[in-house]
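One structure below.
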Amino acid sequence: MSGLALFAGTGGLPAALVRALGDEAPLICALDGFPPEGVKPEITFRIERLVPFLDALAERGVTRLCLAGAVRRPRLDPALFDPATAQMVPRLVGAMQQGDDATLRAITGIFEEAGISVVGVEDIAPGLLPGPGVLAGHVTAADEADATRAAAIVAALGAADVGQGCVVARGLCLAVEALPGTDAMLAQVAGLTGDLRPAKGLFYKAPKPGQDRRVDLPALGVQTVINAAAAGLAGIAFQAGGVICLDLPAMQAEAAARGLFLWAR
């Protein structure tokens, strides 16, 4: 055991991390009701039993924890709280009421107070975050202008803790990412008709300004490329070094097959 645990949420990131780590086998943990894809949890826990979960990590020699994958805010059952975790209720509920960033800060603080360092994907698998460059296709001057506009929009969204992505075509914002996520946003764009139908344009993704890069970094996968093509877009641009690509070779192949660009901006 490497002393590393993955708090695995939904989506493909936990499995991608396990592949990237190779022989460094982490302890896989998951929140009840949010099973990860492609990996089997060794520990499943509930927020109402957070302190017993921390004790179980200590017993297994865990010193580092990486939060990987999506987790929605669970509904808390007051009857399930143990006495020690119950004392954290005001802190947890107060953070949840302030938004995702505050919730993640509170959870990170609780782990660190228990002697477990929270590490980011870029700390343990930096190869999953591509550096700058055009990774597939060709980027035009119009695409560059759309990306500049999109980056400003995403920065504003992130500052309000709303989302990490948007779609821009000819300088016009067609959709922004909110709680339903990237797939829902791209499906919305795919359903546009008439003058609102994108004349190319792009999907842009980036971390929130000032966000803790150890948690909730945005991620893209092959399905994102497929959905961007279905939305009629010219390509996908994202912040270099700030966005996780779950399977970059497969994404590049899919983009080439569908005539899209991939640009780590």
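Ordering of the structure tokens sets the chain letters (A, B, ...); residue numbers start at 1 within each chain; ligands are numbered from 1 in the order shown.
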(Q) Can you pull out the residues contacting Ala256 of chain A? Cut-off 12 Å, using only C-alpha atoms, and skip same-chain residues under 2 positions away; I want them as a PyMOL selection string. (A) chain A and resi 135-138+222+225-226+229+234-235+249-254+258-262
Could those residues be written to a file, using C-alpha atoms, as a short mmCIF file (atom, residue, chain, number, x, y, z; two decimals), in the first residue's frame?
data_model
loop_
_atom_site.label_atom_id
_atom_site.label_comp_id
_atom_site.auth_asym_id
_atom_site.auth_seq_id
_atom_site.Cartn_x
_atom_site.Cartn_y
_atom_site.Cartn_z
CA LEU A 135 -3.44 18.51 -30.26
CA ALA A 136 -5.70 17.79 -33.23
CA GLY A 137 -6.99 19.65 -36.27
CA HIS A 138 -6.41 23.28 -37.17
CA VAL A 222 -14.00 11.07 -25.71
CA VAL A 225 -15.55 15.27 -28.42
CA ILE A 226 -18.54 13.30 -29.76
CA ALA A 229 -19.31 17.36 -32.97
CA ALA A 234 -15.42 23.40 -34.89
CA GLY A 235 -13.56 22.17 -31.84
CA PRO A 249 -4.97 9.55 -27.62
CA ALA A 250 -8.58 8.41 -27.97
CA MET A 251 -9.78 12.02 -27.88
CA GLN A 252 -7.29 12.99 -30.60
CA ALA A 253 -8.37 10.08 -32.79
CA GLU A 254 -12.06 10.94 -32.34
CA ARG A 258 -14.95 14.06 -36.84
CA GLY A 259 -12.96 17.04 -38.17
CA LEU A 260 -12.66 18.86 -34.85
CA PHE A 261 -9.69 20.62 -33.32
CA LEU A 262 -8.37 20.06 -29.78
#
Within 12 Å of segment 96-117 of chain A, which residues of segment 168-251 of chain A come that close, and what is the closest atom pair and distance in Å for each? Count only C-alpha atoms and give it as a Markdown table.
| residue | atom | partner | partner_atom | distance |
| --- | --- | --- | --- | --- |
| A:Ala178 | CA | A:Asp100 | CA | 11.6 |
| A:Leu179 | CA | A:Asp100 | CA | 10.0 |
| A:Pro207 | CA | A:Asp101 | CA | 11.8 |
| A:Lys208 | CA | A:Asp101 | CA | 9.6 |
| A:Pro209 | CA | A:Asp101 | CA | 11.3 |
| A:Gly210 | CA | A:Asp101 | CA | 10.5 |
| A:Gln211 | CA | A:Asp101 | CA | 7.7 |
| A:Asp212 | CA | A:Arg105 | CA | 8.2 |
| A:Arg213 | CA | A:Leu104 | CA | 11.2 |
| A:Arg214 | CA | A:Thr108 | CA | 9.3 |
| A:Val215 | CA | A:Leu104 | CA | 7.3 |
| A:Asp216 | CA | A:Leu104 | CA | 8.3 |
| A:Leu217 | CA | A:Asp101 | CA | 11.4 |
Q: For atom CA of Tyr204 of chain A and atom CA of Leu220 of chain A, quote the distance in Å rounded to one decimal.
A: 10.6 Å
Q. Which residues, written as number ranges by chain, have at least one atom at most 8 Å from Ala206 of chain A, with only C-alpha atoms counted and residues fewer than 5 positions away on the same chain left out?
A. A: 151, 154, 164-165, 218, 238-239, 242-243
(Q) Using only C-alpha atoms for the distances, tell me which of A:Gly232, A:Gly38, A:Pro74, A:Gly120 is nearest to Gly191 of chain A. (A) A:Gly232
(Q) Just want the 10 Å neighbourhood of Gly133 of chain A, counted on only C-alpha atoms, with same-chain residues fewer than 4 positions away dropped. Output as a ChimeraX atom specification. (A) /A:240,262-265
Those selected residues, please, written with N, CA and C atoms and delivered as a compact mmCIF listing (two decimals), in the first residue's frame.
# COMPACT_ATOMS: atom_id res chain seq x y z
N ALA A 240 -4.44 25.11 -21.00
CA ALA A 240 -3.31 24.19 -20.93
C ALA A 240 -2.86 24.02 -19.48
N LEU A 262 -8.60 20.08 -31.23
CA LEU A 262 -8.37 20.06 -29.78
C LEU A 262 -7.21 21.00 -29.52
N TRP A 263 -7.44 21.98 -28.68
CA TRP A 263 -6.42 23.02 -28.48
C TRP A 263 -6.23 23.26 -26.98
N ALA A 264 -5.03 22.93 -26.49
CA ALA A 264 -4.65 23.28 -25.12
C ALA A 264 -4.10 24.69 -25.18
N ARG A 265 -4.90 25.64 -24.75
CA ARG A 265 -4.62 27.07 -25.00
C ARG A 265 -3.76 27.66 -23.88
Q.
Report, in Å to a single decimal, how far apart atom CA of Pro198 of chain A and atom CA of Asp143 of chain A are.
A. 12.8 Å
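Interatomic distance, atom CA of Gly3 of chain A against atom CA of Gly61 of chain A: 5.6 Å.
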So that I can see what lies close to segment 21-34 of chain A, please list as a short mmCIF file (atom, residue, chain, number, x, y, z; two decimals) with C-alpha atoms, in the first residue's frame the residues with an atom at most 9 Å from it, counting only C-alpha atoms and leaving out residues fewer than 5 positions away in the same chain.
data_model
loop_
_atom_site.label_atom_id
_atom_site.label_comp_id
_atom_site.auth_asym_id
_atom_site.auth_seq_id
_atom_site.Cartn_x
_atom_site.Cartn_y
_atom_site.Cartn_z
CA MET A 1 0.00 0.00 0.00
CA SER A 2 1.38 3.39 -1.09
CA GLY A 3 -0.36 5.44 1.59
CA LEU A 4 -2.52 6.94 -1.19
CA ALA A 5 -6.31 6.74 -1.31
CA LEU A 6 -8.69 7.85 -4.03
CA PHE A 7 -12.02 9.36 -3.02
CA ALA A 8 -13.64 8.10 -6.23
CA GLY A 9 -16.76 9.75 -7.63
CA THR A 10 -18.67 9.09 -10.82
CA PRO A 14 -10.94 7.37 -11.05
CA ALA A 16 -7.98 6.91 -15.63
CA VAL A 39 -12.89 0.56 -10.40
CA LYS A 40 -14.16 -1.35 -7.36
CA PRO A 41 -14.30 0.53 -4.04
CA GLU A 42 -12.69 -1.17 -1.06
CA ILE A 43 -14.45 1.22 1.32
CA THR A 44 -17.91 2.73 0.82
CA PHE A 45 -18.99 5.33 3.37
CA ARG A 46 -21.60 7.96 4.17
CA ILE A 47 -21.00 11.59 5.13
CA LEU A 57 -8.18 5.41 6.56
CA ARG A 60 -4.92 1.37 6.64
CA VAL A 62 -3.42 6.35 4.39
CA ALA A 70 -18.03 13.86 -9.64
CA VAL A 71 -20.11 13.73 -6.46
CA ARG A 72 -23.45 15.47 -5.96
CA PRO A 74 -25.90 13.87 -0.68
CA ILE A 124 0.15 12.23 -8.77
CA ALA A 125 -0.54 11.94 -12.52
#
Q: Apply DSSP to the backbone of this structure and, from segment 123-185 of chain A, keep only the residues in strand (DSSP E or B); write these as a VMD selection string.
A: chain A and resid 133 to 136 165 to 169 172 to 176
Q: Using DSSP on the backbone coordinates, identify the residues of segment 38-124 of chain A assigned to alpha helix (DSSP H); present them as a PyMOL selection string.
A: chain A and resi 50-59+83-86+89-98+100-113+121-124
The selected residues should be written to file as a short mmCIF file (atom, residue, chain, number, x, y, z; two decimals), in the first residue's frame (atoms: N, CA and C atoms).
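selection_3.cif written:
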data_model
loop_
_atom_site.label_atom_id
_atom_site.label_comp_id
_atom_site.auth_asym_id
_atom_site.auth_seq_id
_atom_site.Cartn_x
_atom_site.Cartn_y
_atom_site.Cartn_z
N LEU A 50 -18.57 10.18 8.80
CA LEU A 50 -17.28 10.67 8.31
C LEU A 50 -16.13 10.35 9.25
N VAL A 51 -16.34 10.52 10.55
CA VAL A 51 -15.25 10.25 11.49
C VAL A 51 -14.86 8.78 11.51
N PRO A 52 -15.79 7.82 11.54
CA PRO A 52 -15.38 6.41 11.42
C PRO A 52 -14.64 6.13 10.11
N PHE A 53 -15.03 6.83 9.03
CA PHE A 53 -14.30 6.67 7.77
C PHE A 53 -12.86 7.16 7.90
N LEU A 54 -12.66 8.31 8.53
CA LEU A 54 -11.31 8.82 8.75
C LEU A 54 -10.49 7.84 9.59
N ASP A 55 -11.12 7.24 10.59
CA ASP A 55 -10.43 6.25 11.42
C ASP A 55 -10.01 5.04 10.59
N ALA A 56 -10.90 4.62 9.65
CA ALA A 56 -10.58 3.47 8.80
C ALA A 56 -9.40 3.78 7.88
N LEU A 57 -9.32 5.02 7.39
CA LEU A 57 -8.18 5.41 6.56
C LEU A 57 -6.89 5.36 7.37
N ALA A 58 -6.93 5.87 8.60
CA ALA A 58 -5.74 5.85 9.45
C ALA A 58 -5.29 4.43 9.73
N GLU A 59 -6.24 3.54 9.98
CA GLU A 59 -5.90 2.14 10.26
C GLU A 59 -5.21 1.48 9.06
N PRO A 83 -21.77 10.21 17.10
CA PRO A 83 -21.59 11.41 17.93
C PRO A 83 -20.47 12.34 17.46
N ALA A 84 -19.35 11.76 17.04
CA ALA A 84 -18.22 12.61 16.64
C ALA A 84 -18.53 13.37 15.35
N THR A 85 -19.13 12.69 14.38
CA THR A 85 -19.46 13.36 13.12
C THR A 85 -20.57 14.38 13.33
N ALA A 86 -21.49 14.10 14.25
CA ALA A 86 -22.59 15.03 14.51
C ALA A 86 -22.08 16.41 14.92
N VAL A 89 -21.71 18.81 11.98
CA VAL A 89 -22.88 19.15 11.18
C VAL A 89 -22.97 20.64 10.86
N PRO A 90 -22.86 21.54 11.85
CA PRO A 90 -22.96 22.96 11.51
C PRO A 90 -21.91 23.39 10.47
N ARG A 91 -20.72 22.86 10.59
CA ARG A 91 -19.65 23.21 9.65
C ARG A 91 -19.97 22.70 8.24
N LEU A 92 -20.43 21.46 8.14
CA LEU A 92 -20.72 20.87 6.84
C LEU A 92 -21.94 21.53 6.18
N VAL A 93 -23.02 21.69 6.94
CA VAL A 93 -24.23 22.27 6.39
C VAL A 93 -24.00 23.72 5.98
N GLY A 94 -23.27 24.46 6.79
CA GLY A 94 -22.97 25.84 6.45
C GLY A 94 -22.17 25.95 5.17
N ALA A 95 -21.21 25.04 4.97
CA ALA A 95 -20.42 25.04 3.74
C ALA A 95 -21.28 24.68 2.54
N MET A 96 -22.14 23.67 2.68
CA MET A 96 -23.01 23.26 1.57
C MET A 96 -23.91 24.38 1.11
N GLN A 97 -24.35 25.21 2.05
CA GLN A 97 -25.25 26.32 1.70
C GLN A 97 -24.53 27.43 0.95
N GLN A 98 -23.19 27.44 1.02
CA GLN A 98 -22.41 28.48 0.35
C GLN A 98 -21.97 28.09 -1.06
N ASP A 100 -20.42 24.88 -4.04
CA ASP A 100 -19.50 23.76 -4.22
C ASP A 100 -18.10 24.07 -3.70
N ASP A 101 -17.59 25.26 -4.01
CA ASP A 101 -16.24 25.60 -3.59
C ASP A 101 -16.11 25.57 -2.07
N ALA A 102 -17.08 26.14 -1.38
CA ALA A 102 -17.04 26.16 0.08
C ALA A 102 -17.14 24.74 0.64
N THR A 103 -17.98 23.91 0.01
CA THR A 103 -18.12 22.53 0.46
C THR A 103 -16.81 21.78 0.33
N LEU A 104 -16.15 21.95 -0.81
CA LEU A 104 -14.87 21.26 -1.03
C LEU A 104 -13.80 21.77 -0.07
N ARG A 105 -13.81 23.07 0.22
CA ARG A 105 -12.84 23.61 1.18
C ARG A 105 -13.06 23.00 2.56
N ALA A 106 -14.31 22.87 2.95
CA ALA A 106 -14.61 22.30 4.27
C ALA A 106 -14.17 20.84 4.35
N ILE A 107 -14.47 20.07 3.31
CA ILE A 107 -14.10 18.65 3.30
C ILE A 107 -12.58 18.49 3.29
N THR A 108 -11.91 19.30 2.49
CA THR A 108 -10.45 19.25 2.44
C THR A 108 -9.87 19.57 3.81
N GLY A 109 -10.42 20.58 4.48
CA GLY A 109 -9.93 20.95 5.80
C GLY A 109 -10.10 19.83 6.81
N ILE A 110 -11.22 19.13 6.74
CA ILE A 110 -11.47 18.02 7.68
C ILE A 110 -10.45 16.91 7.47
N PHE A 111 -10.17 16.55 6.23
CA PHE A 111 -9.16 15.51 5.98
C PHE A 111 -7.79 15.93 6.49
N GLU A 112 -7.42 17.18 6.24
CA GLU A 112 -6.09 17.63 6.64
C GLU A 112 -5.97 17.72 8.15
N GLU A 113 -7.05 18.09 8.83
CA GLU A 113 -7.03 18.11 10.29
C GLU A 113 -6.86 16.70 10.87
N VAL A 121 -4.73 15.83 -8.88
CA VAL A 121 -4.40 14.94 -9.99
C VAL A 121 -3.04 15.32 -10.58
N GLU A 122 -2.76 16.61 -10.68
CA GLU A 122 -1.50 17.02 -11.28
C GLU A 122 -0.30 16.66 -10.39
N ASP A 123 -0.54 16.39 -9.11
CA ASP A 123 0.54 15.97 -8.21
C ASP A 123 0.90 14.51 -8.40
N ILE A 124 -0.11 13.67 -8.69
CA ILE A 124 0.15 12.23 -8.77
C ILE A 124 0.13 11.68 -10.18
#
Contacts of Asp146 of chain A at 10 Å or less, counting only C-alpha atoms, minus same-chain residues fewer than 4 places along, as a PDB file with N, CA and C atoms, in the first residue's frame?
ATOM      1  N   THR A 140      -8.198  28.364 -36.423  1.00  0.00           N
ATOM      2  CA  THR A 140      -8.209  29.558 -37.264  1.00  0.00           C
ATOM      3  C   THR A 140      -8.191  30.828 -36.406  1.00  0.00           C
ATOM      4  N   ALA A 141      -8.043  31.961 -37.083  1.00  0.00           N
ATOM      5  CA  ALA A 141      -8.090  33.242 -36.378  1.00  0.00           C
ATOM      6  C   ALA A 141      -9.463  33.458 -35.725  1.00  0.00           C
ATOM      7  N   ALA A 142     -10.529  32.992 -36.386  1.00  0.00           N
ATOM      8  CA  ALA A 142     -11.866  33.111 -35.803  1.00  0.00           C
ATOM      9  C   ALA A 142     -11.980  32.257 -34.539  1.00  0.00           C
ATOM     10  N   ALA A 150     -14.510  33.306 -24.923  1.00  0.00           N
ATOM     11  CA  ALA A 150     -14.978  32.238 -24.034  1.00  0.00           C
ATOM     12  C   ALA A 150     -14.204  32.220 -22.725  1.00  0.00           C
ATOM     13  N   ALA A 151     -12.895  32.470 -22.789  1.00  0.00           N
ATOM     14  CA  ALA A 151     -12.082  32.468 -21.566  1.00  0.00           C
ATOM     15  C   ALA A 151     -12.555  33.550 -20.600  1.00  0.00           C
ATOM     16  N   VAL A 167     -19.983  27.746 -24.537  1.00  0.00           N
ATOM     17  CA  VAL A 167     -19.900  27.608 -25.990  1.00  0.00           C
ATOM     18  C   VAL A 167     -20.013  28.994 -26.596  1.00  0.00           C
ATOM     19  N   VAL A 168     -19.055  29.332 -27.463  1.00  0.00           N
ATOM     20  CA  VAL A 168     -19.039  30.632 -28.138  1.00  0.00           C
ATOM     21  C   VAL A 168     -18.885  30.405 -29.639  1.00  0.00           C
ATOM     22  N   ALA A 169     -19.696  31.113 -30.425  1.00  0.00           N
ATOM     23  CA  ALA A 169     -19.596  31.072 -31.884  1.00  0.00           C
ATOM     24  C   ALA A 169     -19.711  32.491 -32.419  1.00  0.00           C
ATOM     25  N   ARG A 170     -18.739  32.902 -33.214  1.00  0.00           N
ATOM     26  CA  ARG A 170     -18.698  34.259 -33.787  1.00  0.00           C
ATOM     27  C   ARG A 170     -18.782  35.335 -32.702  1.00  0.00           C
ATOM     28  N   GLY A 171     -18.176  35.054 -31.557  1.00  0.00           N
ATOM     29  CA  GLY A 171     -18.157  36.003 -30.465  1.00  0.00           C
ATOM     30  C   GLY A 171     -19.392  36.002 -29.600  1.00  0.00           C
ATOM     31  N   LEU A 172     -20.395  35.180 -29.953  1.00  0.00           N
ATOM     32  CA  LEU A 172     -21.648  35.136 -29.203  1.00  0.00           C
ATOM     33  C   LEU A 172     -21.675  33.912 -28.301  1.00  0.00           C
ATOM     34  N   CYS A 173     -22.088  34.107 -27.066  1.00  0.00           N
ATOM     35  CA  CYS A 173     -22.186  32.997 -26.124  1.00  0.00           C
ATOM     36  C   CYS A 173     -23.518  32.290 -26.325  1.00  0.00           C
ATOM     37  N   GLY A 201     -17.739  27.713 -34.244  1.00  0.00           N
ATOM     38  CA  GLY A 201     -17.632  28.053 -32.829  1.00  0.00           C
ATOM     39  C   GLY A 201     -16.942  26.952 -32.057  1.00  0.00           C
ATOM     40  N   LEU A 202     -16.856  27.126 -30.740  1.00  0.00           N
ATOM     41  CA  LEU A 202     -16.101  26.178 -29.933  1.00  0.00           C
ATOM     42  C   LEU A 202     -16.663  26.038 -28.532  1.00  0.00           C
ATOM     43  N   PHE A 203     -16.286  24.945 -27.913  1.00  0.00           N
ATOM     44  CA  PHE A 203     -16.541  24.714 -26.491  1.00  0.00           C
ATOM     45  C   PHE A 203     -15.237  24.994 -25.762  1.00  0.00           C
ATOM     46  N   TYR A 204     -15.313  25.784 -24.683  1.00  0.00           N
ATOM     47  CA  TYR A 204     -14.110  26.149 -23.917  1.00  0.00           C
ATOM     48  C   TYR A 204     -14.266  25.710 -22.469  1.00  0.00           C
ATOM     49  N   ALA A 237     -11.479  23.964 -27.034  1.00  0.00           N
ATOM     50  CA  ALA A 237     -10.294  24.636 -26.499  1.00  0.00           C
ATOM     51  C   ALA A 237     -10.360  24.548 -24.979  1.00  0.00           C
TER      52      ALA A 237
END
